[in-house]
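The structure file query-v6.cif is reproduced below (mmCIF, C-alpha atoms (C1' of nucleotides)).
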data_coords
#
loop_
_atom_site.label_atom_id
_atom_site.label_comp_id
_atom_site.auth_asym_id
_atom_site.auth_seq_id
_atom_site.Cartn_x
_atom_site.Cartn_y
_atom_site.Cartn_z
CA MET Q 603 95.75 7.62 140.85
CA THR Q 604 98.74 6.40 138.81
CA ALA Q 605 102.25 7.55 139.61
CA ASN Q 606 102.63 9.54 136.43
CA ASP Q 607 99.54 11.66 137.01
CA ARG Q 608 101.97 14.43 137.87
CA GLY Q 609 101.03 17.46 135.88
CA ARG Q 610 97.66 16.16 134.81
CA GLY Q 611 94.22 15.20 136.05
CA LEU Q 612 93.51 14.95 139.75
CA GLY Q 613 97.03 15.73 140.89
CA ARG Q 614 96.99 18.93 138.96
CA ALA Q 615 93.50 19.79 140.12
CA ILE Q 616 94.51 19.55 143.76
CA ARG Q 617 97.57 21.67 143.13
CA SER Q 618 95.34 24.25 141.50
CA GLU Q 619 93.11 24.36 144.58
CA ASP Q 620 96.18 24.86 146.74
CA ARG Q 621 97.28 27.72 144.55
CA LYS Q 622 93.85 29.27 144.80
CA ALA Q 623 93.94 28.98 148.57
CA GLU Q 624 97.34 30.67 148.59
CA ILE Q 625 96.01 33.50 146.46
CA ILE Q 626 92.93 33.93 148.65
CA GLN Q 627 95.13 34.11 151.73
CA ALA Q 628 97.35 36.74 150.11
CA ALA Q 629 94.32 38.70 148.94
CA ALA Q 630 92.90 38.75 152.46
CA GLU Q 631 96.18 40.16 153.74
CA VAL Q 632 96.35 42.87 151.13
CA ILE Q 633 92.71 43.83 151.65
CA ALA Q 634 93.32 44.03 155.39
CA GLU Q 635 96.23 46.37 154.76
CA ARG Q 636 94.75 48.62 152.10
CA GLY Q 637 91.02 48.03 151.81
CA TYR Q 638 89.26 46.49 148.84
CA ARG Q 639 89.57 49.47 146.54
CA GLY Q 640 93.19 49.99 147.53
CA ALA Q 641 94.13 46.35 147.06
CA SER Q 642 95.58 45.93 143.59
CA LEU Q 643 95.69 42.58 141.87
CA ALA Q 644 99.37 43.20 141.21
CA ALA Q 645 100.11 43.47 144.94
CA VAL Q 646 98.28 40.21 145.62
CA ALA Q 647 100.04 38.50 142.73
CA GLU Q 648 103.45 39.62 143.90
CA ARG Q 649 102.88 37.95 147.28
CA VAL Q 650 102.41 34.56 145.69
CA GLY Q 651 105.14 35.03 143.10
CA LEU Q 652 102.87 35.61 140.14
CA THR Q 653 102.25 38.47 137.78
CA GLN Q 654 98.93 40.23 137.83
CA GLN Q 655 97.98 38.45 134.62
CA GLY Q 656 99.00 35.10 136.00
CA LEU Q 657 96.66 35.64 138.91
CA LEU Q 658 93.76 36.37 136.61
CA HIS Q 659 94.08 32.84 135.35
CA TYR Q 660 92.68 31.66 138.71
CA PHE Q 661 90.15 34.41 139.33
CA PRO Q 662 88.80 36.09 136.21
CA THR Q 663 88.04 39.41 137.91
CA LYS Q 664 88.94 41.30 141.04
CA GLU Q 665 85.38 40.92 142.28
CA ALA Q 666 85.52 37.15 141.92
CA LEU Q 667 88.59 37.15 144.13
CA LEU Q 668 86.82 39.24 146.77
CA ILE Q 669 83.88 36.84 146.84
CA ALA Q 670 86.30 33.95 147.29
CA VAL Q 671 87.98 35.73 150.20
CA LEU Q 672 84.63 36.31 151.85
CA ASP Q 673 83.49 32.73 151.38
CA VAL Q 674 86.64 31.29 152.91
CA ARG Q 675 86.79 33.73 155.82
CA ASP Q 676 83.23 32.86 156.64
CA GLN Q 677 84.30 29.41 157.67
CA TRP Q 678 86.44 30.88 160.41
CA ASP Q 679 84.01 32.57 162.70
CA MET Q 680 80.50 32.75 164.02
CA ALA Q 681 78.99 32.94 160.61
CA SER Q 682 80.06 29.35 160.17
CA ALA Q 683 78.13 28.31 163.25
CA ALA Q 684 75.25 30.47 162.11
CA LEU Q 685 75.28 28.76 158.76
CA HIS Q 686 75.15 25.33 160.29
CA GLY Q 687 72.57 26.30 162.85
CA SER Q 688 74.43 25.11 165.90
CA ALA Q 689 73.87 27.23 169.00
CA TRP Q 690 76.80 28.60 170.97
CA PRO Q 691 76.77 29.41 174.67
CA LEU Q 692 77.85 32.95 175.52
CA GLU Q 693 81.00 31.58 177.11
CA MET Q 694 82.05 30.14 173.78
CA ILE Q 695 81.44 33.46 172.04
CA ALA Q 696 83.62 35.16 174.63
CA GLY Q 697 86.25 32.58 173.79
CA LEU Q 698 86.01 33.51 170.14
CA VAL Q 699 86.61 37.17 171.01
CA GLU Q 700 89.66 36.11 172.98
CA TYR Q 701 90.93 34.17 170.00
CA ASN Q 702 90.25 37.08 167.66
CA ALA Q 703 92.49 39.27 169.81
CA THR Q 704 95.40 37.07 168.74
CA ARG Q 705 94.61 37.27 165.03
CA ARG Q 706 94.66 40.89 164.00
CA GLY Q 707 94.62 40.12 160.31
CA VAL Q 708 91.42 38.12 160.42
CA VAL Q 709 89.66 40.84 162.38
CA GLN Q 710 90.97 43.57 160.14
CA VAL Q 711 89.66 42.09 156.89
CA PHE Q 712 86.14 42.06 158.24
CA THR Q 713 86.29 45.48 159.85
CA VAL Q 714 87.64 47.08 156.71
CA LEU Q 715 85.16 45.35 154.43
CA ALA Q 716 82.17 45.89 156.71
CA GLY Q 717 82.83 49.62 156.52
CA ASP Q 718 83.74 49.61 152.86
CA SER Q 719 80.63 47.72 151.91
CA VAL Q 720 78.12 50.33 153.06
CA THR Q 721 79.20 52.40 150.05
CA GLU Q 722 77.19 52.36 146.85
CA ASP Q 723 77.38 49.41 144.51
CA HIS Q 724 79.98 47.69 146.61
CA PRO Q 725 80.40 44.05 145.56
CA ALA Q 726 80.25 42.88 149.17
CA SER Q 727 77.20 44.85 150.27
CA GLY Q 728 74.74 42.03 149.67
CA TYR Q 729 77.06 39.63 151.40
CA PHE Q 730 77.22 41.73 154.56
CA LYS Q 731 73.52 42.45 154.69
CA GLU Q 732 72.82 38.72 154.61
CA ARG Q 733 75.65 37.91 156.98
CA TYR Q 734 74.41 40.32 159.63
CA ALA Q 735 70.84 39.06 159.35
CA ARG Q 736 72.03 35.48 159.63
CA VAL Q 737 74.28 36.15 162.62
CA ARG Q 738 71.57 38.10 164.44
CA GLU Q 739 69.14 35.23 164.00
CA TRP Q 740 71.68 32.70 165.11
CA GLY Q 741 72.59 34.81 168.11
CA ALA Q 742 68.99 35.10 169.19
CA ARG Q 743 68.52 31.35 168.82
CA SER Q 744 71.67 30.65 170.81
CA LEU Q 745 70.68 32.99 173.62
CA ARG Q 746 67.17 31.55 173.77
CA SER Q 747 68.45 28.02 174.03
CA GLU Q 748 70.74 29.04 176.88
CA TYR Q 749 68.47 31.41 178.82
CA GLY Q 750 64.92 31.06 177.56
CA ASP Q 751 62.72 33.97 176.52
CA VAL Q 752 64.29 36.58 178.80
CA LEU Q 753 67.96 36.86 179.73
CA PRO Q 754 68.83 37.41 183.40
CA GLY Q 755 69.73 41.01 182.56
CA GLY Q 756 66.19 41.61 181.37
CA LEU Q 757 66.48 41.68 177.57
CA THR Q 758 64.87 39.27 175.13
CA PRO Q 759 67.15 37.26 172.83
CA GLU Q 760 65.95 39.41 169.92
CA GLN Q 761 67.06 42.55 171.72
CA ALA Q 762 70.32 41.12 172.96
CA ALA Q 763 71.54 39.53 169.71
CA PRO Q 764 72.04 42.70 167.63
CA LEU Q 765 73.66 44.34 170.64
CA LEU Q 766 76.01 41.40 170.99
CA VAL Q 767 77.03 41.72 167.36
CA ALA Q 768 77.36 45.49 167.70
CA VAL Q 769 79.64 45.17 170.71
CA MET Q 770 81.86 42.67 168.93
CA ASP Q 771 82.16 44.85 165.84
CA GLY Q 772 82.52 48.10 167.71
CA LEU Q 773 85.17 46.78 170.07
CA GLN Q 774 87.10 45.44 167.11
CA THR Q 775 87.20 48.88 165.52
CA GLN Q 776 88.47 50.53 168.70
CA TRP Q 777 90.92 47.70 169.31
CA LEU Q 778 92.35 47.91 165.80
CA HIS Q 779 92.89 51.63 166.22
CA ASP Q 780 94.59 51.24 169.59
CA PRO Q 781 95.24 47.70 170.86
CA GLU Q 782 97.09 48.93 173.94
CA ALA Q 783 94.23 51.10 175.12
CA VAL Q 784 91.40 48.63 174.47
CA ASP Q 785 91.29 45.26 176.20
CA MET Q 786 88.81 43.72 173.80
CA PRO Q 787 88.27 40.33 175.49
CA ALA Q 788 87.89 41.84 178.97
CA LEU Q 789 85.45 44.47 177.76
CA PHE Q 790 83.43 41.86 175.93
CA ARG Q 791 83.16 39.85 179.12
CA ASP Q 792 81.98 42.98 180.91
CA PHE Q 793 79.20 43.16 178.37
CA VAL Q 794 78.38 39.50 178.87
CA ALA Q 795 78.14 40.18 182.60
CA LEU Q 796 75.63 42.95 181.87
CA LEU Q 797 73.55 40.57 179.80
CA THR Q 798 73.58 37.74 182.32
CA ALA Q 799 73.68 39.36 185.77
CA PRO Q 800 70.27 39.04 187.45
CA ARG Q 801 68.37 42.28 187.83
CA ALA Q 802 67.12 43.55 191.14
CA ALA Q 803 63.61 42.43 191.95
CA ASP Q 804 61.37 45.43 191.60
CA GLY Q 805 57.61 45.78 191.94
CA THR Q 806 57.08 43.74 188.78
CA PRO Q 807 55.95 40.13 189.26
CA GLY Q 808 58.24 37.38 188.09
CA SER Q 809 61.00 37.37 190.69
CA ALA Q 810 59.30 34.79 192.84
CA MET C 484 86.04 98.25 155.12
CA THR C 485 85.15 100.59 152.26
CA ALA C 486 82.16 100.00 150.01
CA ASN C 487 84.25 99.15 146.97
CA ASP C 488 86.04 96.32 148.69
CA ARG C 489 83.94 94.04 146.50
CA GLY C 490 86.21 91.45 144.95
CA ARG C 491 89.00 92.13 147.39
CA GLY C 492 89.93 91.87 151.05
CA LEU C 493 87.38 90.80 153.63
CA GLY C 494 84.41 90.46 151.29
CA ARG C 495 86.32 88.10 149.09
CA ALA C 496 87.71 86.20 152.06
CA ILE C 497 84.24 85.44 153.38
CA ARG C 498 83.10 84.24 149.99
CA SER C 499 86.11 81.96 149.85
CA GLU C 500 85.19 80.41 153.21
CA ASP C 501 81.68 79.78 151.93
CA ARG C 502 83.08 78.06 148.88
CA LYS C 503 85.31 75.93 151.05
CA ALA C 504 82.34 74.93 153.21
CA GLU C 505 80.44 73.97 150.06
CA ILE C 506 83.33 71.83 148.90
CA ILE C 507 83.69 70.15 152.28
CA GLN C 508 80.01 69.30 152.29
CA ALA C 509 80.24 67.83 148.79
CA ALA C 510 83.37 65.89 149.73
CA ALA C 511 81.62 64.38 152.75
CA GLU C 512 78.80 63.22 150.50
CA VAL C 513 81.10 61.63 147.96
CA ILE C 514 83.17 59.93 150.66
CA ALA C 515 80.00 58.56 152.22
CA GLU C 516 79.01 57.13 148.86
CA ARG C 517 82.31 55.73 147.69
CA GLY C 518 84.80 55.71 150.54
CA TYR C 519 87.93 57.85 150.75
CA ARG C 520 89.94 55.96 148.16
CA GLY C 521 86.97 55.76 145.84
CA ALA C 522 86.14 59.44 146.14
CA SER C 523 87.76 61.27 143.25
CA LEU C 524 88.47 64.97 143.37
CA ALA C 525 86.75 65.29 140.04
CA ALA C 526 83.51 63.87 141.46
CA VAL C 527 83.63 66.33 144.36
CA ALA C 528 84.43 69.20 142.02
CA GLU C 529 81.55 68.36 139.72
CA ARG C 530 79.08 68.65 142.61
CA VAL C 531 80.04 72.24 143.26
CA GLY C 532 80.35 73.16 139.59
CA LEU C 533 84.12 73.22 139.43
CA THR C 534 86.78 71.29 137.61
CA GLN C 535 89.15 69.10 139.54
CA GLN C 536 91.87 71.69 139.09
CA GLY C 537 89.62 74.49 140.25
CA LEU C 538 88.98 72.58 143.44
CA LEU C 539 92.67 72.17 144.10
CA HIS C 540 92.88 75.92 144.38
CA TYR C 541 91.02 75.62 147.72
CA PHE C 542 92.59 72.43 149.00
CA PRO C 543 96.07 71.71 147.70
CA THR C 544 95.80 67.92 148.05
CA LYS C 545 93.16 65.26 148.46
CA GLU C 546 94.44 64.57 151.94
CA ALA C 547 94.01 68.21 152.98
CA LEU C 548 90.38 67.97 151.89
CA LEU C 549 89.85 64.83 153.96
CA ILE C 550 91.28 66.50 157.06
CA ALA C 551 88.94 69.44 156.50
CA VAL C 552 85.96 67.08 156.25
CA LEU C 553 86.94 65.39 159.48
CA ASP C 554 87.43 68.67 161.33
CA VAL C 555 84.05 70.00 160.31
CA ARG C 556 82.16 66.77 160.98
CA ASP C 557 83.65 66.67 164.42
CA GLN C 558 81.62 69.67 165.39
CA TRP C 559 78.44 67.72 164.80
CA ASP C 560 78.54 64.95 167.33
CA MET C 561 79.81 63.71 170.65
CA ALA C 562 83.38 64.45 169.79
CA SER C 563 82.44 68.11 170.00
CA ALA C 564 81.18 67.68 173.54
CA ALA C 565 84.23 65.58 174.31
CA LEU C 566 86.45 68.32 173.01
CA HIS C 567 84.81 70.94 175.18
CA GLY C 568 84.69 68.71 178.20
CA SER C 569 81.01 69.05 178.91
CA ALA C 570 79.39 65.92 180.34
CA TRP C 571 76.26 64.47 178.76
CA PRO C 572 73.65 62.41 180.59
CA LEU C 573 72.91 59.04 178.99
CA GLU C 574 69.47 60.26 178.01
CA MET C 575 71.06 62.94 175.88
CA ILE C 576 73.31 60.39 174.19
CA ALA C 577 70.27 58.28 173.42
CA GLY C 578 68.76 61.40 171.87
CA LEU C 579 71.82 61.77 169.67
CA VAL C 580 71.40 58.21 168.44
CA GLU C 581 67.80 59.00 167.60
CA TYR C 582 68.90 62.05 165.67
CA ASN C 583 71.58 60.07 163.84
CA ALA C 584 68.90 57.68 162.61
CA THR C 585 67.47 60.59 160.59
CA ARG C 586 70.79 61.57 159.03
CA ARG C 587 72.15 58.62 157.14
CA GLY C 588 74.82 60.61 155.37
CA VAL C 589 76.46 61.87 158.55
CA VAL C 590 76.55 58.37 160.00
CA GLN C 591 77.86 56.87 156.80
CA VAL C 592 80.89 59.15 156.49
CA PHE C 593 82.12 58.11 159.90
CA THR C 594 81.38 54.43 159.50
CA VAL C 595 83.16 54.27 156.16
CA LEU C 596 86.15 56.25 157.36
CA ALA C 597 86.44 54.46 160.70
CA GLY C 598 86.79 51.19 158.80
CA ASP C 599 88.94 52.62 156.06
CA SER C 600 91.33 54.19 158.53
CA VAL C 601 92.51 50.97 160.15
CA THR C 602 94.44 50.29 156.94
CA GLU C 603 98.12 51.11 156.69
CA ASP C 604 99.27 54.68 156.26
CA HIS C 605 95.73 55.95 156.08
CA PRO C 606 95.65 59.74 156.42
CA ALA C 607 92.83 59.53 158.98
CA SER C 608 94.28 56.81 161.19
CA GLY C 609 95.82 59.22 163.69
CA TYR C 610 92.65 61.21 163.76
CA PHE C 611 90.51 58.20 164.67
CA LYS C 612 92.89 56.86 167.27
CA GLU C 613 92.77 60.20 169.05
CA ARG C 614 89.06 60.60 168.55
CA TYR C 615 88.26 57.24 170.11
CA ALA C 616 90.54 57.89 173.07
CA ARG C 617 88.97 61.29 173.60
CA VAL C 618 85.40 60.02 173.34
CA ARG C 619 86.09 57.11 175.72
CA GLU C 620 87.50 59.51 178.31
CA TRP C 621 84.62 61.90 177.90
CA GLY C 622 82.12 59.03 178.15
CA ALA C 623 83.68 57.78 181.35
CA ARG C 624 83.63 61.28 182.82
CA SER C 625 80.01 61.75 181.80
CA LEU C 626 78.94 58.46 183.31
CA ARG C 627 80.83 59.15 186.52
CA SER C 628 79.21 62.53 186.96
CA GLU C 629 75.78 60.95 186.48
CA TYR C 630 76.19 57.71 188.43
CA GLY C 631 79.36 57.89 190.50
CA ASP C 632 82.03 55.19 190.54
CA VAL C 633 79.75 52.26 189.74
CA LEU C 634 76.74 52.28 187.42
CA PRO C 635 73.54 50.62 188.63
CA GLY C 636 74.21 47.75 186.24
CA GLY C 637 77.47 47.04 188.01
CA LEU C 638 80.14 48.37 185.62
CA THR C 639 82.57 51.16 186.30
CA PRO C 640 82.49 54.21 184.01
CA GLU C 641 85.80 53.04 182.53
CA GLN C 642 84.28 49.70 181.61
CA ALA C 643 81.02 51.14 180.34
CA ALA C 644 82.40 53.95 178.18
CA PRO C 645 84.18 51.85 175.53
CA LEU C 646 81.16 49.55 175.42
CA LEU C 647 78.89 52.53 174.88
CA VAL C 648 81.02 53.70 171.98
CA ALA C 649 81.19 50.16 170.59
CA VAL C 650 77.42 49.77 170.67
CA MET C 651 76.92 53.08 168.89
CA ASP C 652 79.42 52.20 166.17
CA GLY C 653 78.33 48.60 165.81
CA LEU C 654 74.64 49.45 165.60
CA GLN C 655 75.41 52.04 162.96
CA THR C 656 77.12 49.45 160.79
CA GLN C 657 74.20 47.04 161.05
CA TRP C 658 71.70 49.83 160.54
CA LEU C 659 73.46 51.12 157.42
CA HIS C 660 73.42 47.64 155.94
CA ASP C 661 69.75 47.09 156.70
CA PRO C 662 67.79 50.02 158.16
CA GLU C 663 64.49 48.11 158.05
CA ALA C 664 65.81 45.24 160.11
CA VAL C 665 67.68 47.24 162.74
CA ASP C 666 65.88 49.73 164.99
CA MET C 667 69.00 51.56 166.03
CA PRO C 668 67.52 54.00 168.57
CA ALA C 669 65.40 51.34 170.28
CA LEU C 670 68.32 48.93 170.52
CA PHE C 671 70.53 51.63 171.92
CA ARG C 672 67.97 52.31 174.62
CA ASP C 673 67.92 48.60 175.41
CA PHE C 674 71.63 48.84 176.01
CA VAL C 675 71.17 51.91 178.20
CA ALA C 676 68.63 49.93 180.24
CA LEU C 677 71.25 47.23 180.74
CA LEU C 678 73.74 49.78 181.97
CA THR C 679 71.35 51.50 184.36
CA ALA C 680 69.00 48.81 185.66
CA PRO C 681 69.89 47.94 189.28
CA ARG C 682 71.41 44.50 189.77
CA ALA C 683 70.01 41.95 192.15
CA ALA C 684 71.59 42.06 195.60
CA ASP C 685 73.79 38.99 195.98
CA GLY C 686 75.94 37.77 198.87
CA THR C 687 78.46 40.55 198.29
CA PRO C 688 78.43 43.39 200.84
CA GLY C 689 77.45 46.80 199.60
CA SER C 690 73.73 46.46 199.09
CA ALA C 691 72.90 47.45 202.63
"C1'" DG B 143 99.77 27.65 133.72
"C1'" DT B 144 102.34 31.60 133.32
"C1'" DC B 145 104.40 34.96 130.81
"C1'" DT B 146 105.05 39.62 127.79
"C1'" DA B 147 102.80 43.17 125.52
"C1'" DT B 148 99.43 46.29 125.44
"C1'" DA B 149 94.82 48.29 125.41
"C1'" DA B 150 91.94 51.45 127.71
"C1'" DC B 151 91.16 54.18 131.32
"C1'" DA B 152 91.17 56.99 135.56
"C1'" DA B 153 93.71 59.05 139.26
"C1'" DG B 154 96.25 63.14 141.60
"C1'" DA B 155 99.02 66.83 140.72
"C1'" DT B 156 101.61 70.73 138.14
"C1'" DA B 157 102.20 74.70 134.72
"C1'" DG B 158 100.60 78.40 132.94
"C1'" DA B 159 96.92 81.14 130.28
"C1'" DC B 160 93.15 84.33 131.16
"C1'" DG D 1467 89.75 82.17 141.02
"C1'" DT D 1468 89.09 79.12 137.46
"C1'" DC D 1469 90.22 77.14 133.34
"C1'" DT D 1470 92.83 74.02 129.57
"C1'" DA D 1471 96.57 71.17 128.75
"C1'" DT D 1472 99.60 67.85 130.19
"C1'" DC D 1473 102.61 64.73 133.01
"C1'" DT D 1474 103.00 60.65 135.58
"C1'" DT D 1475 101.53 56.81 137.59
"C1'" DG D 1476 98.60 53.04 138.55
"C1'" DT D 1477 94.51 50.34 137.52
"C1'" DT D 1478 91.72 46.18 135.49
"C1'" DA D 1479 91.47 43.45 131.77
"C1'" DT D 1480 92.50 41.20 127.03
"C1'" DA D 1481 95.42 38.87 123.33
"C1'" DG D 1482 98.41 35.76 122.31
"C1'" DA D 1483 103.22 33.52 122.68
"C1'" DC D 1484 105.52 29.66 125.02
#
So that I can check it, write out the structure of this file as structure tokens.
Amino acid sequence: MTANDRGRGLGRAIRSEDRKAEIIQAAAEVIAERGYRGASLAAVAERVGLTQQGLLHYFPTKEALLIAVLDVRDQWDMASAALHGSAWPLEMIAGLVEYNATRRGVVQVFTVLAGDSVTEDHPASGYFKERYARVREWGARSLRSEYGDVLPGGLTPEQAAPLLVAVMDGLQTQWLHDPEAVDMPALFRDFVALLTAPRAADGTPGSA
Amino acid sequence: MTANDRGRGLGRAIRSEDRKAEIIQAAAEVIAERGYRGASLAAVAERVGLTQQGLLHYFPTKEALLIAVLDVRDQWDMASAALHGSAWPLEMIAGLVEYNATRRGVVQVFTVLAGDSVTEDHPASGYFKERYARVREWGARSLRSEYGDVLPGGLTPEQAAPLLVAVMDGLQTQWLHDPEAVDMPALFRDFVALLTAPRAADGTPGSA
DNA sequence: GTCTATAACAAGATAGAC
DNA sequence: GTCTATCTTGTTATAGAC
């Protein structure tokens, strides 16, 4: 707390965290551009004005850096809500999709890594398996708290949640390949409409 | 055409095509397991009992081999139908999803490459952009020929087609990460039900 | 905390023998 | 048609100076 802490103790520690955050940000960018395997430590280092060896002072291995990227990115999206257990109304999720459409980089990291990580012995494969399970559960809980045990469209929350996640992921892939041709937020809202528009009353009881 | 053409001419040419097909199959496997960047020519060559240099006799570069893999795989799925313009009823598409659930390798190549190819200067990025556009168009045409200008669920074919593709892709990703937890064919049929279940008649004209 | 030097590999591709 | 040998480049990671 003294004025001459510069270069030592807490002051230095905070600076170090800043540096780490900078590196994580740069790593996310490079991974988005070239995939995990294609992202070299040297390319990341260059972006923050370090050498490859200087970077390794902050993260001992490439894998450690990837984990750090994943952990930080997690705080940005649904997974964060999922982690904290707070339910989101569908309208809020649609808002997130709208926001995502303005942040290509964020979307691209996850799309690239989600694909990458189905390969053998990928360092992020466990992460994604858990993440998907967590988000599906959270989605089902959110939908149940908004609509009860059956959505207006006729599906249960447990049926709708994985579809919701699939639509988000799948639209992102198409959107990344051709943003002009794919209006991601509008299409997501079309899907929401499908989920929430009341079905016609048929012979089955329950409409009265 | 003579009997002693063995080792020359047509006989040899056919053998060479067989060898190429073998290599393409092996390449698809290795790409599924390790991604495009992680797939070394040596690993592919080993699977067909060749050296890396022997393999390069058939495909001059790694990129040429990737293109060949993509071209051949295309003949296996929807893109083939899309290419030939023939419409598929939704039930048939659901059948394809069911079939896919028995062929992990086929699914995995596309999922890995679709993610991989959103990165910069990826040799397959043009391929996927075109493929998605083609499949969306074909999907819309198929849906229109089965249901007309508005599906029972209320969406137009142009709205439903990209969602259909997104659900297929997105479910594949979740299924690859955790096949036990994700019943891909059943979930796809849930989505089909959403698309095709009649909506409740509201105040809007058109129901009479 | 960041650097230079370097170890230790692994990659794709070419040249040329057989 | 397939091999051995080799070039060139790029990778992660370590050792140790400053």
Evaluate the PyMOL selection byres ((chain C) within 10 of (chain D)) against this structure - the residues, as an mmCIF file with C-alpha atoms, keeping the file's coordinate frame, please.
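What landed in out.cif:
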data_model
loop_
_atom_site.group_PDB
_atom_site.id
_atom_site.type_symbol
_atom_site.label_atom_id
_atom_site.label_comp_id
_atom_site.auth_asym_id
_atom_site.auth_seq_id
_atom_site.Cartn_x
_atom_site.Cartn_y
_atom_site.Cartn_z
ATOM 1 C CA SER C 499 86.110 81.960 149.850
ATOM 2 C CA LEU C 533 84.120 73.220 139.430
ATOM 3 C CA THR C 534 86.780 71.290 137.610
ATOM 4 C CA GLN C 536 91.870 71.690 139.090
ATOM 5 C CA GLY C 537 89.620 74.490 140.250
ATOM 6 C CA LEU C 538 88.980 72.580 143.440
ATOM 7 C CA HIS C 540 92.880 75.920 144.380
ATOM 8 C CA TYR C 541 91.020 75.620 147.720
#
Sort by chain and increasing residue number a table of all residues of chain C within 6 Å of chain Q, each with its closest pair of atoms and their distance in Å to one decimal, counting all atoms listed in the file, and write it as CSV.
residue,atom,partner,partner_atom,distance
C:Glu516,CA,Q:Thr721,CA,4.9
C:Arg517,CA,Q:Thr721,CA,5.1
C:Thr594,CA,Q:Gly717,CA,5.8
C:Val595,CA,Q:Gly717,CA,4.7
C:Gly598,CA,Q:Val714,CA,4.7
C:Asp599,CA,Q:Val714,CA,5.7
C:Thr602,CA,Q:Glu635,CA,4.8
C:Glu603,CA,Q:Glu635,CA,5.5
C:Lys612,CA,Q:His779,CA,5.3
C:Ala649,CA,Q:Gly772,CA,3.8
C:Val650,CA,Q:Val769,CA,5.1
C:Asp652,CA,Q:Gly772,CA,5.4
C:Gly653,CA,Q:Ala768,CA,3.8
C:Leu654,CA,Q:Ala768,CA,5.2
C:His660,CA,Q:Lys731,CA,5.3
C:Pro681,CA,Q:Ala802,CA,5.5
C:Arg682,CA,Q:Arg801,CA,4.2
C:Ala683,CA,Q:Ala802,CA,3.5
Open item on the list: Taking only C-alpha atoms (C1' of nucleotides) into account, find every residue of chain B that has an atom no more than 8 Å from chain Q, and write it out as a list in words.
Closed with: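 Contact residues on the first chain: DG143, DT144 and DC145 of chain B.
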TODO: Fewer than 3 positions away in the same chain doesn't count, so skip those; otherwise give me all residues within 9 Å of Leu553 (chain C), counting all atoms listed in the file, as a list in words.
DONE: Ala511, Leu548, Leu549, Ile550, Arg556, Asp557, Phe593, Ala607 and Tyr610 of chain C
To test the calculation: enclose all listed atoms of region 151-159 of chain B in a box whose edges run along x, y and z, add 8 Å on each side, then state centre and edge lengths in Å to one decimal, as JSON.
{"center_x": 96.7, "center_y": 67.7, "center_z": 135.9, "size_x": 27.0, "size_y": 43.0, "size_z": 27.3}
- [ ] Report the distance between CA of Phe542 (chain C) and C1' of DA153 (chain B) in Å, rounded to one decimal place.
- [x]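 Those two atoms sit 16.6 Å apart.
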Open item on the list: Residues proximal to (96.4, 61.7, 144.7) were defined as those with any atom within 10 Å of that point in the file's coordinates, counting only C-alpha atoms (C1' of nucleotides). Which are they, as a VMD selection string?
Closed with: (chain C and resid 520 523 to 524 544 to 546) or (chain B and resid 153 to 155)
- [ ] Tell me which residues the PyMOL selection byres ((chain Q and resi 625) around 10) grabs here, as an NGL selection string.
- [x] :Q and (619-624 or 626-631 or 646-652 or 657 or 660-661 or 667 or 670-671)
Task: Length of the CA of Ala570 (chain C) to CA of Asn583 (chain C) vector [Å] - done: 19.2 Å
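The nearest approach to Asp554 (chain C) among the residues C:Arg614, C:Glu663, C:Ala522, C:Leu573, with all atoms listed in the file taken into account, belongs to C:Arg614.
Across the model, the gap from CA of Val633 (chain C) to CA of Pro572 (chain C) is 15.0 Å.
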